[in-house]
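Some notes on the structure that comes next.
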Amino acid sequence: MSRKALIVIDMINPYDHEDADQLLPSAERAVPVIADLLKAARGSGSLVIYANDNFGDWRSHHGEIVEAAMAGARPDLVEPLKPDENSLFVVKARHSIFYETPLPYLLHQLDVGHLVLTGQVTEQCILYSALDAHIRHLDLTIPRDGVAHIHADLADAALRMTERNMGARVCAAGEIDL
C-alpha cells in the first residue's frame, strides 16, 4: 500500500510580487486551514513536503527561503506554516512541483502514491501540479479551502478540471484523513 503526502506549494512567500494584493485575501483564508492540515499530518506521522519557488535566487536553500519570507510583507502568513525538522523541502522554478525537480524520484523512493495538494495559486501552480501528478498515476486530493487563488472564477474552473479530467477528490479540508 502506498503512502499519502501533504504537499504545501509556494506558501513560504514574501508576498512582494505584482499579484500579491489580489492573492492575499484568499491566502489569509487558506493559511489556518493549511496549518490544521499540517498539524494533522505531523500528528499522524504522514509525510509533509514543501515545494516552493526560490524567487530566482539560485544560491538559496530552504532555510534562506524561509528567512526571506519571514522578512517579507506578511510573516504572519508564513509563521504558522513553517517547515519543521521532519519536513522535506523541494525547490521549484516553474509552476509545476514536478518540472525539473527531484520530486518524482523522492515520491518513488518514499512509496508515495497519493498527494494532498495545498497552497497557492490554485489556477496556476495547483492546477499544473495536479495535471503532472495525474499523468504520473498519482491519486490526488485537493482541499478547496486549503488553496489560495488570484482569480476566483479561474480557481473554480481549475478545481472542476482537476475533478473531472484528473480524477482528483476536491473536498473540504475537514474531510481529509492524513
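Identifiers for the C-alpha cells are assigned positionally: chains receive A, B, ... in sequence, residues are indexed from 1 per chain, and ligands are indexed from 1 in the order shown.
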Which of region 8-54 of chain A end up as helix (DSSP H, G or I) when DSSP is run on this backbone - answer as a PyMOL selection string?
chain A and resi 20-44
Based on the selection just made, write N, CA and C atoms of those residues as an mmCIF file, in the first residue's frame.
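Result file is out-v6.cif:
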data_model
loop_
_atom_site.group_PDB
_atom_site.id
_atom_site.type_symbol
_atom_site.label_atom_id
_atom_site.label_comp_id
_atom_site.auth_asym_id
_atom_site.auth_seq_id
_atom_site.Cartn_x
_atom_site.Cartn_y
_atom_site.Cartn_z
ATOM 1 N N ALA A 20 0.351 40.016 -5.473
ATOM 2 C CA ALA A 20 0.189 39.778 -4.029
ATOM 3 C C ALA A 20 -1.100 40.384 -3.481
ATOM 4 N N ASP A 21 -1.427 41.597 -3.881
ATOM 5 C CA ASP A 21 -2.641 42.228 -3.347
ATOM 6 C C ASP A 21 -3.898 41.446 -3.697
ATOM 7 N N GLN A 22 -3.924 40.854 -4.886
ATOM 8 C CA GLN A 22 -5.084 40.052 -5.294
ATOM 9 C C GLN A 22 -5.088 38.690 -4.599
ATOM 10 N N LEU A 23 -3.916 38.161 -4.301
ATOM 11 C CA LEU A 23 -3.776 36.839 -3.687
ATOM 12 C C LEU A 23 -4.042 36.855 -2.179
ATOM 13 N N LEU A 24 -3.690 37.933 -1.524
ATOM 14 C CA LEU A 24 -3.711 37.970 -0.059
ATOM 15 C C LEU A 24 -5.048 37.618 0.589
ATOM 16 N N PRO A 25 -6.194 38.130 0.124
ATOM 17 C CA PRO A 25 -7.442 37.746 0.809
ATOM 18 C C PRO A 25 -7.680 36.233 0.825
ATOM 19 N N SER A 26 -7.379 35.581 -0.286
ATOM 20 C CA SER A 26 -7.563 34.137 -0.361
ATOM 21 C C SER A 26 -6.508 33.411 0.481
ATOM 22 N N ALA A 27 -5.281 33.892 0.447
ATOM 23 C CA ALA A 27 -4.214 33.284 1.258
ATOM 24 C C ALA A 27 -4.533 33.400 2.742
ATOM 25 N N GLU A 28 -5.064 34.538 3.150
ATOM 26 C CA GLU A 28 -5.428 34.724 4.559
ATOM 27 C C GLU A 28 -6.457 33.695 5.011
ATOM 28 N N ARG A 29 -7.377 33.323 4.127
ATOM 29 C CA ARG A 29 -8.380 32.299 4.478
ATOM 30 C C ARG A 29 -7.779 30.897 4.460
ATOM 31 N N ALA A 30 -6.823 30.645 3.560
ATOM 32 C CA ALA A 30 -6.250 29.303 3.413
ATOM 33 C C ALA A 30 -5.227 28.961 4.494
ATOM 34 N N VAL A 31 -4.492 29.943 4.987
ATOM 35 C CA VAL A 31 -3.405 29.659 5.940
ATOM 36 C C VAL A 31 -3.874 28.873 7.161
ATOM 37 N N PRO A 32 -4.946 29.266 7.856
ATOM 38 C CA PRO A 32 -5.339 28.465 9.034
ATOM 39 C C PRO A 32 -5.756 27.030 8.673
ATOM 40 N N VAL A 33 -6.324 26.866 7.501
ATOM 41 C CA VAL A 33 -6.729 25.534 7.047
ATOM 42 C C VAL A 33 -5.488 24.673 6.790
ATOM 43 N N ILE A 34 -4.516 25.243 6.107
ATOM 44 C CA ILE A 34 -3.282 24.506 5.832
ATOM 45 C C ILE A 34 -2.549 24.210 7.143
ATOM 46 N N ALA A 35 -2.553 25.154 8.066
ATOM 47 C CA ALA A 35 -1.917 24.931 9.370
ATOM 48 C C ALA A 35 -2.564 23.740 10.084
ATOM 49 N N ASP A 36 -3.885 23.629 10.015
ATOM 50 C CA ASP A 36 -4.577 22.486 10.620
ATOM 51 C C ASP A 36 -4.205 21.185 9.922
ATOM 52 N N LEU A 37 -4.096 21.215 8.599
ATOM 53 C CA LEU A 37 -3.686 20.015 7.861
ATOM 54 C C LEU A 37 -2.254 19.616 8.224
ATOM 55 N N LEU A 38 -1.377 20.605 8.371
ATOM 56 C CA LEU A 38 -0.007 20.315 8.792
ATOM 57 C C LEU A 38 0.009 19.657 10.172
ATOM 58 N N LYS A 39 -0.781 20.178 11.081
ATOM 59 C CA LYS A 39 -0.853 19.606 12.437
ATOM 60 C C LYS A 39 -1.338 18.163 12.383
ATOM 61 N N ALA A 40 -2.367 17.920 11.566
ATOM 62 C CA ALA A 40 -2.894 16.558 11.434
ATOM 63 C C ALA A 40 -1.860 15.623 10.807
ATOM 64 N N ALA A 41 -1.201 16.083 9.758
ATOM 65 C CA ALA A 41 -0.207 15.241 9.085
ATOM 66 C C ALA A 41 0.954 14.928 10.020
ATOM 67 N N ARG A 42 1.431 15.940 10.716
ATOM 68 C CA ARG A 42 2.556 15.727 11.630
ATOM 69 C C ARG A 42 2.149 14.838 12.796
ATOM 70 N N GLY A 43 0.920 14.991 13.260
ATOM 71 C CA GLY A 43 0.437 14.168 14.356
ATOM 72 C C GLY A 43 0.275 12.708 13.988
ATOM 73 N N SER A 44 -0.040 12.444 12.734
ATOM 74 C CA SER A 44 -0.232 11.062 12.284
ATOM 75 C C SER A 44 1.036 10.441 11.711
#
Within 12 Å of Met161 (chain A) using only C-alpha atoms, minus same-chain residues under 4 positions, as a VMD selection string
chain A and resid 122 to 123 126 to 128 130 to 131 134 142 154 to 157 165 to 170
Separating CA of Thr101 (chain A) from CA of Asp76 (chain A), to the nearest tenth of an Å, is a gap of 28.1 Å
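Residue nearest Ser46 (chain A) within the list A:Ile12, A:Leu88, A:Ala5, A:Ala68: A:Ala5 [criterion: smallest interatomic distance, only C-alpha atoms].
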Interatomic distance, CA of Arg74 (chain A) to CA of Pro14 (chain A) (Å, one decimal)
6.5 Å
Could I get the residues of region 7-33 of chain A with an atom no further than 7 Å from an atom of region 104-120 of chain A, each paired with its nearest atom pair and that distance in Å to one decimal, using only C-alpha atoms, sorted by chain and residue number, as a tab-separated table?
residue	atom	partner	partner_atom	distance
A:Ile7	CA	A:Leu117	CA	5.1
A:Val8	CA	A:Thr118	CA	5.1
A:Ile9	CA	A:Gly119	CA	4.5
A:Asp10	CA	A:Gln120	CA	5.9
A:Met11	CA	A:Gly119	CA	5.7
Go ahead and save the picked residues with N, CA and C atoms, as an mmCIF file, in the first residue's frame.
data_model
loop_
_atom_site.group_PDB
_atom_site.id
_atom_site.type_symbol
_atom_site.label_atom_id
_atom_site.label_comp_id
_atom_site.auth_asym_id
_atom_site.auth_seq_id
_atom_site.Cartn_x
_atom_site.Cartn_y
_atom_site.Cartn_z
ATOM 1 N N ILE A 7 1.364 18.037 0.482
ATOM 2 C CA ILE A 7 2.265 18.910 -0.268
ATOM 3 C C ILE A 7 1.825 20.358 -0.047
ATOM 4 N N VAL A 8 2.750 21.188 0.384
ATOM 5 C CA VAL A 8 2.487 22.611 0.619
ATOM 6 C C VAL A 8 3.228 23.387 -0.467
ATOM 7 N N ILE A 9 2.459 24.008 -1.358
ATOM 8 C CA ILE A 9 3.026 24.644 -2.542
ATOM 9 C C ILE A 9 3.085 26.165 -2.385
ATOM 10 N N ASP A 10 4.284 26.705 -2.451
ATOM 11 C CA ASP A 10 4.554 28.149 -2.542
ATOM 12 C C ASP A 10 3.984 28.994 -1.406
ATOM 13 N N MET A 11 3.781 28.407 -0.247
ATOM 14 C CA MET A 11 3.257 29.186 0.881
ATOM 15 C C MET A 11 4.359 29.882 1.674
#
What does the structure give for the distance between CA of Pro75 (chain A) and CA of Glu18 (chain A), in Å to one decimal?
17.5 Å
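Using only C-alpha atoms, the smallest distance between any of A:Ala148, A:Gly45, A:Thr162, A:Phe89 and Glu64 (chain A) comes from A:Phe89.
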Taking the DSSP secondary structure from the backbone, can you list the residues of chain A that are strand (DSSP E or B), as JSON, numbers by chain?
{"A": [3, 4, 5, 6, 7, 8, 9, 47, 48, 49, 50, 51, 52, 53, 88, 89, 90, 91, 92, 112, 113, 114, 115, 116, 117, 118, 119, 120, 139, 140, 141, 142, 143, 147, 148, 169, 170, 171]}
Find the residue from A:Arg164, A:Lys4, A:His61, A:Lys92 that sits nearest to Ile176 (chain A); use only C-alpha atoms when measuring.
A:Lys4
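Nearest residue to Ile97 (chain A), choosing from A:Ile49, A:Leu140, A:Leu81, A:Val66 and counting only C-alpha atoms: A:Ile49.
Among A:Ala173, A:Arg160, A:Asp16, A:Asp139, the residue with the shortest atom-to-atom distance to Ala73 (chain A), counting only C-alpha atoms, is A:Asp16.
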